[in-house]
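The next block holds one structure in the form of structure tokens; read it before the comments.
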Amino acid sequence: MLIGLDLRGTTLGIDYIADADDPSALTDLERLIRVLKNELDVNVEPASPADFLPTPRSVFGRSRYVGRHGQLDVYYYHLPSLVLV
């Protein structure tokens, strides 16, 4: 459930931003994302609201933490920016 909303069946694609201290970790992540994309049959793209509109410099500091999954920390992108897109 995304931010308290039941969006099952409405997501046509998933946009993501990835950042890592180790570039090889990004390669591994992108490989896994391609596998999941095919398994889930969804469109997945490296994209963010910052690609389409100005966002505050502190956008990552204001992002809401979702949780840790293995070695991956997951955040919602800056929520006010998501509303504008």
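So you can find residues: chains in the structure tokens are A, B, ... in the order shown, residues in each start at 1, and ligands are numbered from 1 in order.
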
12 Å contact set for Ser58 (chain A), only C-alpha atoms, chain neighbours under 5 positions out, as an NGL selection string: :A and (50 or 63 or 77-78 or 81)

For those residues, write C-alpha atoms to a file as a PDB file, in the first residue's frame.
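Everything below was put into part17.pdb:
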ATOM      1  CA  ALA A  50      13.562  16.300 -11.186  1.00  0.00           C
ATOM      2  CA  SER A  63      12.238  11.950   1.241  1.00  0.00           C
ATOM      3  CA  TYR A  77      10.665  10.489  -3.480  1.00  0.00           C
ATOM      4  CA  HIS A  78       9.904  13.977  -2.133  1.00  0.00           C
ATOM      5  CA  SER A  81       7.132  16.798  -6.039  1.00  0.00           C
TER       6      SER A  81
END

All residues 9 Å or closer to Tyr16 (chain A), only C-alpha atoms, same chain fewer than 4 positions away omitted, as a JSON list (two decimals) with C-alpha atoms, in the first residue's frame:
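See result-v5.json below for the written result:
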[["chain", "number", "residue", "atom", "x", "y", "z"],
["A", 44, "VAL", "CA", 10.38, 0.30, -15.11],
["A", 45, "GLU", "CA", 12.48, 3.37, -15.91],
["A", 46, "PRO", "CA", 15.26, 5.32, -14.21],
["A", 47, "ALA", "CA", 13.39, 8.64, -13.89],
["A", 48, "SER", "CA", 12.39, 11.19, -11.28],
["A", 77, "TYR", "CA", 10.67, 10.49, -3.48]]

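Residue nearest Asp15 (chain A) within the list A:Arg31, A:Pro56, A:His69, A:Asn43: A:Asn43 [criterion: smallest interatomic distance, only C-alpha atoms].
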
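CA of Leu40 (chain A) sits 29.4 Å away from CA of Arg62 (chain A).
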
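Among the candidate residues A:Leu72, A:Thr55, A:Pro49, A:Leu79, the one lying nearest to Ala25 (chain A) is A:Leu72, with distances computed using only C-alpha atoms.
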
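The interatomic distance for the pair CA of Glu30 (chain A) and CA of Ile17 (chain A) works out to 10.6 Å.
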